[in-house]
Each structure stands twice: as structure tokens, then as C-alpha cells.
Amino acid sequence: MQKTLLLLFFAFAFTISFAQNEPNCYVQQFTTENGLPSNVISGLQWDDETGFLWMATGIGIVRFNGIDFKVFNKENIPQMAMNRMLFALHDNTGSIHIADQLGNMYVIQKNEPVLWRTAAASGKPSSQFPYFAADADTFFQKKSNKTFAEGIDKLFCLSDTSSVVLNKNNLYYHSKSLPSPVILPFKQVNYIFEIDKNYFLIDTNEKIYKINFNDNTLSPVPIAGPNAGLLKPAGDNNLLFWQPGMTEPVYIEDDKVWVLKYENGVLKAELQFVGVPTDSYIKSVQYSKKKQLLFIGTESSGLIVASLNKVESLQRKNGNPKNRNSYFSQVELNNGNVLTNEGDIIGKTNFPPGDLPIAGKFLYNVTKTPDGSLWYSKQEPHQPVATLHQYNAASKQTIVYNKLSHSELVVTNSEQLYIVNHIGIGLLKADSMDYIYKFKTQAKPGLESYDFVESNEKGIFYIANCGGLLRYNMHLQKLDTLLSRPGFCIGNVWLYKEYVLCGSNGAGFYMCKGNKVKAMPLDKQNSLLFTNCFVPDDKGFCWISSNKGIYKCLLSDLVNYFENEVSEPVYYHYFGKKDGMKMTELNGGCTPCALYMKDKTVSFPSMDGLQWIKPDQIQEVLPTGDIYIDEIVADNKRIPADSVSKIKLDAYTGEIIIRPQFAAWCGSENIYLQYQVNDTTHWNWVTPESNGVIRLINLSQGKYTVRIRKMNGYGQHNFSYATVQFTINTPWYKRWWFVLLCVLAFLGVIALFFRFRTRQYKIRQYKLEKQVAEKTKELQTQNEILEKNNTIKTRLISIISHDIVTPLRFVTVAGKNLIEKRSLMSEELQQETIQEITNTSQELQLLSTNILNWIKYQNENRRLVKESFTLHDMINQVLGVLFSLAKQKNLVLENTVDPELKIYQYFEPLKILVYNLFTNAINFSEKGSIIISAQPVGDKLIITVKDEGVGMTADQIKNIMADQFIISSANIDNRKGNGLGYLIIKDLIKTMNAKLQISSEKGIGTSVSIELSITK
């Protein structure tokens, strides 16, 4: 229902200045495009205790801490019946209640909502139900009430058990002790509001009254200001907002916002914000006086947050394209405006400043000496370079020192005039500079001096230039380099008591005392790497300009950090764009680096205009308040913070995420958060890159205590703390029973090992015994072989000595007799002798061949290689050698082997074997045939040599098979055999892995068979 409001015009007998019409606040509008979960806001409530803003939206209850939005809905609150919220309000005890469309009520407990009452428990229609939450339990203890069936407009909470309700232009008194509401004697009530327990109503005639509930009377309330009597109905852009819980109503007219106050029986209005967008349908307004924040909830355009500017940005009104808008040195004019080094006049007053002390542009260094003179360098139109100038404020005359033409001249503001440039330090004498000290290593252009001050101890000077921080002692004529950072220039020096502070253009800032120099800690953004200026105020604070904004810190915090090896961190409060700065890149390397004006305004030069602050009037929003933990996430599993200490996390938890929550209306730049894990001394910083999240990776088993602390602002030990405790289960492989099992298993393994080793030793002993036995047997075999070889050698010697030497003697004697006694011998005897000589020679030939074959076999048997050949051809080669011998004895040699038969065997050994079989058969045969045949049987071949010789007895065959050397029976020529042929045969049989078989019958003949393999 459209409400008719009163348009209030009030003033405080002062003229609204030019600045009051300019926007004085920084406005942020949050929608679904930049983080707000829903653009539909049904109600707002500010919790001054926790610093959280609570919103009733279409998708649930939303909490806002100034940086992050947190949604509470059916997904994380199982008791929530629906997500669409209807209202949000305070009750008279200070609790915040939020109602959904069904009439269920939720109460805010610190950092989260919990179900308070259900619609079934209240018995109230949803249209009126939320309002009664402001009156605590008064209405919930009644079973039914239909007085306000059509809803209510506003109510006053008089106590926990009574309230006054505005319904259909009437006021009703409702109490727990009354059976039904009582109408009050106030007619045509259009609006009600409260200021500090003072109750007011606006009737339909736009008159304002103060209500006295003791006697139910009304008192007209005067309005301060010249337009107090002018009453008008509110237009579309004129709205008055108040609801239970607000200490002061808020009045909005166009883009201006006032706060109503009631003092000394008079209503007053204070203009708080200018430049607030009000072009959306406003559902709810909240105002925090402590933090100077305004919250506007709209029906479809999201949330608007306005904060008062702390910094005032001033720019030149009439742009001159020939002048830079980047300023360095400044001079305060009589009218409160500022003259910049570009010749521009910037300020808030419009009346003329009078005669300007400096006409046109001047360089970066201006010094005001105690006599009121201004010293600066300026290039006159007729001069080729800039020269030193002196402006006398009393006479308003300017003196030009044409001989002092160095552009980097800096003058001290001490009693005696000292000047420094890149050459050295000197005194002004007449129109020249009398050097009292000339630099040595710094004596070259480009090392300009940026600042030059004399300490409280007379004759001690500090110089800031690109060579570092220099200290010159005039009494000792000595120059000390206190600080040197190659590649970085020292741009400013400031003296504080016995301390010296200096800032650089990239290496941070430093504090000195005597010869001790210490780097000061930086802000969390590391913006103070570029420190341009130090400005103290009357409250013990230091204002520091940088190329990214202004910082404020407590001087005692800096001193404490300097004096102590282990000290608390320093809190730096940042002022930037959200505080009204249109340009955050401030300039340095000039004198003065900031202008301290007569009205205590500090003017900082920037890359675009000037940035003004009034330190004594700035009320910055500090990061005060408690730390809350919403939940903990362990490997993507969410765990409520209040139950994490009762839950043992999995032993293999890889990542634990802790999200601390706190009021952050000061901005993320001013949140300094630290944590420690099972530690009481060392603190870890939560870096800006982590977005305020603490991540713990791969923790081992055990109990953990994570302490979190947040700096609440300036001063030592100014922290808020929160503690999170949790336990990570011991992995199964580290539990006692597993350790016991491991010990038992280890003992079992040891037992098995000893058993195994014992068995191995037994097996090894058995193998050794077996090897010893085998070696013994091998040695015995070798011994037998050696004995056999000795026997063979003996036999061979015997053969050579007997079977070779004796026939040779016979051949020699027979041949000699045949030659010497041939005439005495008959023809028959001569032929017989010749025949014997021939036979003996043949026997010697055969014996020599066998001996050579045996020796050859003994030397080459291990290098034999099998090959494929035709057996028939190989036998023919043997027969070709023996044919003449057989012919002499009228023996027939027959080869019945298949000419196509190919075998795979040792060629040479088989040839020798066949040769020996034939020679034995020839030696012991008198007549008949010697036949060789071959019969394949599977992959075997049986070669048989059959003769019709003298044959052998069974004992002789046994001796041959027993590998015994034999002496054969007499052959045809009654000669003994030497046994060498069968010795060779048996050795070759072993080489070829063949089998020997002999069948013989005395006087009939012998058949010798060899079975051998013929395939690969």
C-alpha cells in the first residue's frame, strides 16, 4: 500500500556549502552479476553486534559481511520449509527475525539463522505473522487472534509482553494480559516511528506528534529550520523509513539521505549522504551510525551500499591542455586553496586569493623558511635554465639567484639557510652558493636530492637521493651513507623524535636511529614498497602516501616494531577508491611531499589532481568484531563447525579448508588474518591470493588445534581469536593392533627365515655331500679313465714296440736275406718271402692308420659338428681305400645301402667307424663276402657289417662289450690281433651316442650292428 509521507524541510541556521551538493559517498550496487545471490530483497536488518547485514530474499536468507555473500536455504538448513523469505526485522530484545512466505520464523544466532517458530505453532496468517516477531513471545502464546486479519502497517514494541500496532489508520494496544487488543484514542494515523524510545506519529494532515502512552496524549513536535511550518505530502522521491530495531529514521529525498534526531524536544535532520541512487523501488533501508554505512534493499535491483568518503578528490575546474594534471609541489594560498607546481589553483573556495606568491609553473621543490619566505626553482621566459627564487611574503617581492641554476636545489627550513644539490651542501652567500661539503661518489648529474632536513641536533642533516639516505655531520665534516639500495631512490625523509623515517620508490620504507637501520613491515598488498610521504597527526598516527593509495598507522606500532626483535605486526589502514579517492597513484620525490594546511587538511599530490584528508575528522571503519567459522570442508565434504571437534576425519584426508567469517566493511585490503596449527609462537599469514581461506594440506594423524586471529585495528595485542579443533584418524597401518600384527608377523618372518635358512643349510649340506659324492665318483671315474688311459698308453707303447717294431725287423731281416742270400734261396722261398714282406707292410699300414685315427679322435672329438650327407657315398669312399686289401685275400666288399639315403650325423667319426668295422672283418676273414647294410627304424638307423670270417666266442664278445682290450685268436696268417680297432669303434660309439651290438658264431662269421640317430 502506497504510504503518504511528510516532506521535511529543516536546516540548522547554516548555509549549505558548495561541497554539500557534491556526492560525498562511495556507492556500490550489488546484483546477481557481481555476487548478490538474488536481486529481489524483501527485507534488510543490520546486526551491529556482529557487523553482518541480513537479507530476506527470494532464494533464502542471505548474509553479507562487506565482501562475501552467504546463502542459507533448504540445501544447508534442513528445517527450512521454503526458500522465499517475506520479512526481516528486529525484536525489542535486539534479535533479528526473518520469516518465509509460509509464516515460519527464523532467528539469527551470531553468524547463522536457526528455526524459531513454525507457522503451525503460531496460528497466524503469513501477512501479519512476521510483525509479531518484534514483540517476542507475546503473540505466539495466544492460540488465535483475528483482530488484524488484513495485516498491519507498523508497530511499537513497548516491552516483551506488549506492543502498539498500526492497522488501517488506527493504533491498537496489545498485551499478553489482555484478551484482545484495545484501540487507542488516536485517529487518522498515517505513519509511526521511534527515536530512542520516543514514539511519534504522523496523521493524515501531515502533522507530527509525540505519543505519551502513560496518559494516551499527543504533543505537537516542532521541526528545526526556517521551513518548519511548510508541510507537504511526500512525492515519489521523498520517503521516510523506519522499522523496529532502527534507532533513527532515515529520510530520502532524490539522491540525498538524512537521519532524523530528536534533541531537546525538537526534531532535527542531519544530511548524511549525497549522491545515492534512488531510482529503484526501495523495500527496506538500514543505517549504521558507527560504521557510517547506508543499506538500501530494492525489490528488483539488488542491494545498494553507500559509505561516506574519507578522502576528497579535487581537480582543476578549467582544464588547460598545456598543463599537466599530475602535481608534485604545492603552496597554500590565503583563501585555503592550493597553488600547484603546474600553476593551477585547486580548492573549494571561489573568492580571489589575492596576489599569487608564484606566477606560472615551478619545479618540484618548494621550501617555506621560518621567516615566511618561499624558496623554489623556476625557469623564467628569458632564462635558458631554472634558477633559485625567493619570495618574501612580507614585501611580496621575489629575488632571482641567476648563479644558482641547478634544477634540483633543495633548501632546508632551518634557522640558517642550507642548500643541497647533486654536487654537495652549501650556504647561500650573496647570490652564490658556498660549498661546505662536496660529494664524492654522488658528484654526478642524475643523483638529484629529493629531501633535505636538519635534525633536532643542530648541524646534523639528512639527505634523500638516489644514492640512498645520507647523514652529514657539519661538526665533523663527515658524510655517512646510512642506507643504500642500488636501483632504488630514497625520495623523502621525516624526523619523529629520535627516529628518522625514509621512503623509497620500490624498496619499502625504513626507520633509523643512530646507526641502526631497519626495514619496516609492508601492508598486505605490498603497496608500501613505494612510499612517497609521511604526515603525522595530532593523535599519534602517521599517514603514508604510496602509488596505490593512502595508509594510516600508529607511530607507536612502528617504534615498537623497530625496537623489538620479535614484535607484533603493524596494522596499516588503507584508503583508496572506496574512500572517495578518484586517483590512488600519489606522487613523491618532491618538497613538500604533502601539504599540511592551516585548517589541518592534508593535501597529497597525485597523478590527477589533489587528494585531501582531514585526519581529525576521519572515522575509518576498522576490522573489529569476532571471528566465526561457518563450516569446514574436508576433501569436498562439508562439516558444520560446531561438530568438527566431535568428528574424527578420515586418515587419508588430503585437504582441509577453513573459511573464517567476520565483518569486513573496512575492505579486503584492511583484513590482516593469521593462523597457526599446533603452534603457540609462529603465525602464518593468510595471503590475499587465498581470499581469506585457510588450506591445510596432507596433515598426518593426530589432534589439531588451529588458532585464527584477526587484527582489529591499531595498537599492540589488538586481535580477535577463533579456535578450530579436529582430529585426524590414525591410519590402520599405524594403529596398535596393526603394529602388534607387524611385530608378530616380523617374529613369524624371522622364525620362517631361520627355518628356511636351516632348511637351506640342510639342502646345501645335502648338495655339498652330493657334490662331494659326485666329485668322488667323478674322481674315481677320472682315475679309472686315467688308469685306462695309462693302460691304453701302455698298450699303445706295447703295440708300437711289438706290433710295429717286430714286423719292421722282420721286413728288414727278410729283405736283407733276400738280397744277400737270394742265390741260396729257392724261387718258391723267394716268392714266399716277398709275399710275407708285402703282407707285413699292409698290416703296418692298417695299424698305423688306426693309430693315427685314434690319436686324431682323441684331439678333436670335442670340436665335431654334425652334418647332412649321403651314407652310400661315404661308404664307397671307405671301400675304395680297402678294395686292394680285400682283393689280395679274395674277399668281396658289398655296399647294399640305399644310394638316396641321407643322414644327419658326424661324418668323419662315422667314416672311421665304418673303416674299422671293415678292416676287422678283412683281418679275420679268409674267404667270402663282407656286406654292409643300413636299415632306417623311425628316427634311428641300424648299420650292419656282416662277414664270413673266423667268428668270436661269447667270452670274446663279452670282453669287447666290457671295454676290455683283447687279444684275438689267430687270423688267417696265424697272427694275433692287437684290439685297437674295437677300442676306436667303442670310443666313436660314445661320441655319436650310438649303440653297439655284436652277434658271432665261431667258424661261421660275425655281424656287427650300430644303432644311431640320423635326424636333427
# chains A, B, ... in the order shown; residues from 1 in each chain; ligands from 1
>>> select_by_dssp(residues="region 691-745 of chain A", states="helix (DSSP H, G or I)", output="PyMOL selection string")
chain A and resi 732-734+736-745
>>> closest_atom_pairs(of="region 573-655 of chain A", to="region 681-698 of chain A", cutoff="9 Å", atoms="only C-alpha atoms", output="tab-separated table")
residue	atom	partner	partner_atom	distance
A:Tyr652	CA	A:Asn698	CA	7.9
A:Thr653	CA	A:Asn698	CA	6.7
A:Gly654	CA	A:Asn698	CA	4.6
A:Glu655	CA	A:Ile697	CA	4.7
>>> closest_residue(among="A:Asn729, A:Thr944, A:Ser720, A:Asn65", to="Gln701 (chain A)", atoms="only C-alpha atoms")
A:Asn729
>>> residues_around(residues="Gly667 (chain A)", least_positions_apart="5", cutoff="12 Å", atoms="only C-alpha atoms", output="list in words")
Asn65, Gly66, Ile67, Asp68, Ser307, His573, Tyr574, Phe575, Gly576, Lys577, Lys578, Asp579, Glu620, Val621, Leu622, Pro623, Thr624, Phe662, Tyr672 and Pro688 of chain A
>>> write_last_selection(atoms="C-alpha atoms", output="PDB file, in the first residue's frame")
ATOM      1  CA  ASN A  65      29.894  -9.139   5.570  1.00  0.00           C
ATOM      2  CA  GLY A  66      31.001  -6.415   3.175  1.00  0.00           C
ATOM      3  CA  ILE A  67      32.924  -8.767   0.887  1.00  0.00           C
ATOM      4  CA  ASP A  68      31.188 -12.137   0.625  1.00  0.00           C
ATOM      5  CA  SER A 307      29.769   4.661   2.616  1.00  0.00           C
ATOM      6  CA  HIS A 573      44.618   1.073   7.312  1.00  0.00           C
ATOM      7  CA  TYR A 574      44.151   1.604   3.611  1.00  0.00           C
ATOM      8  CA  PHE A 575      42.264   4.480   1.979  1.00  0.00           C
ATOM      9  CA  GLY A 576      41.518   4.146  -1.714  1.00  0.00           C
ATOM     10  CA  LYS A 577      38.770   4.426  -4.291  1.00  0.00           C
ATOM     11  CA  LYS A 578      36.103   3.169  -1.890  1.00  0.00           C
ATOM     12  CA  ASP A 579      37.003   6.058   0.396  1.00  0.00           C
ATOM     13  CA  GLU A 620      37.536   4.909   9.329  1.00  0.00           C
ATOM     14  CA  VAL A 621      35.800   1.538   9.515  1.00  0.00           C
ATOM     15  CA  LEU A 622      38.144  -0.796  11.367  1.00  0.00           C
ATOM     16  CA  PRO A 623      38.100  -4.602  11.050  1.00  0.00           C
ATOM     17  CA  THR A 624      36.680  -5.068  14.548  1.00  0.00           C
ATOM     18  CA  PHE A 662      33.818 -11.739  10.104  1.00  0.00           C
ATOM     19  CA  TYR A 672      45.029  -8.928   8.308  1.00  0.00           C
ATOM     20  CA  PRO A 688      45.455 -12.069  -0.396  1.00  0.00           C
TER      21      PRO A 688
END
>>> closest_residue(among="A:Phe509, A:Tyr675, A:Tyr704, A:Tyr418", to="Tyr435 (chain A)", atoms="only C-alpha atoms")
A:Tyr418
>>> residues_around(residues="Ser405 (chain A)", least_positions_apart="4", cutoff="8 Å", atoms="only C-alpha atoms", output="list of chain:residue names")
A:Val385, A:Ala386, A:Thr387, A:Leu388, A:Tyr401
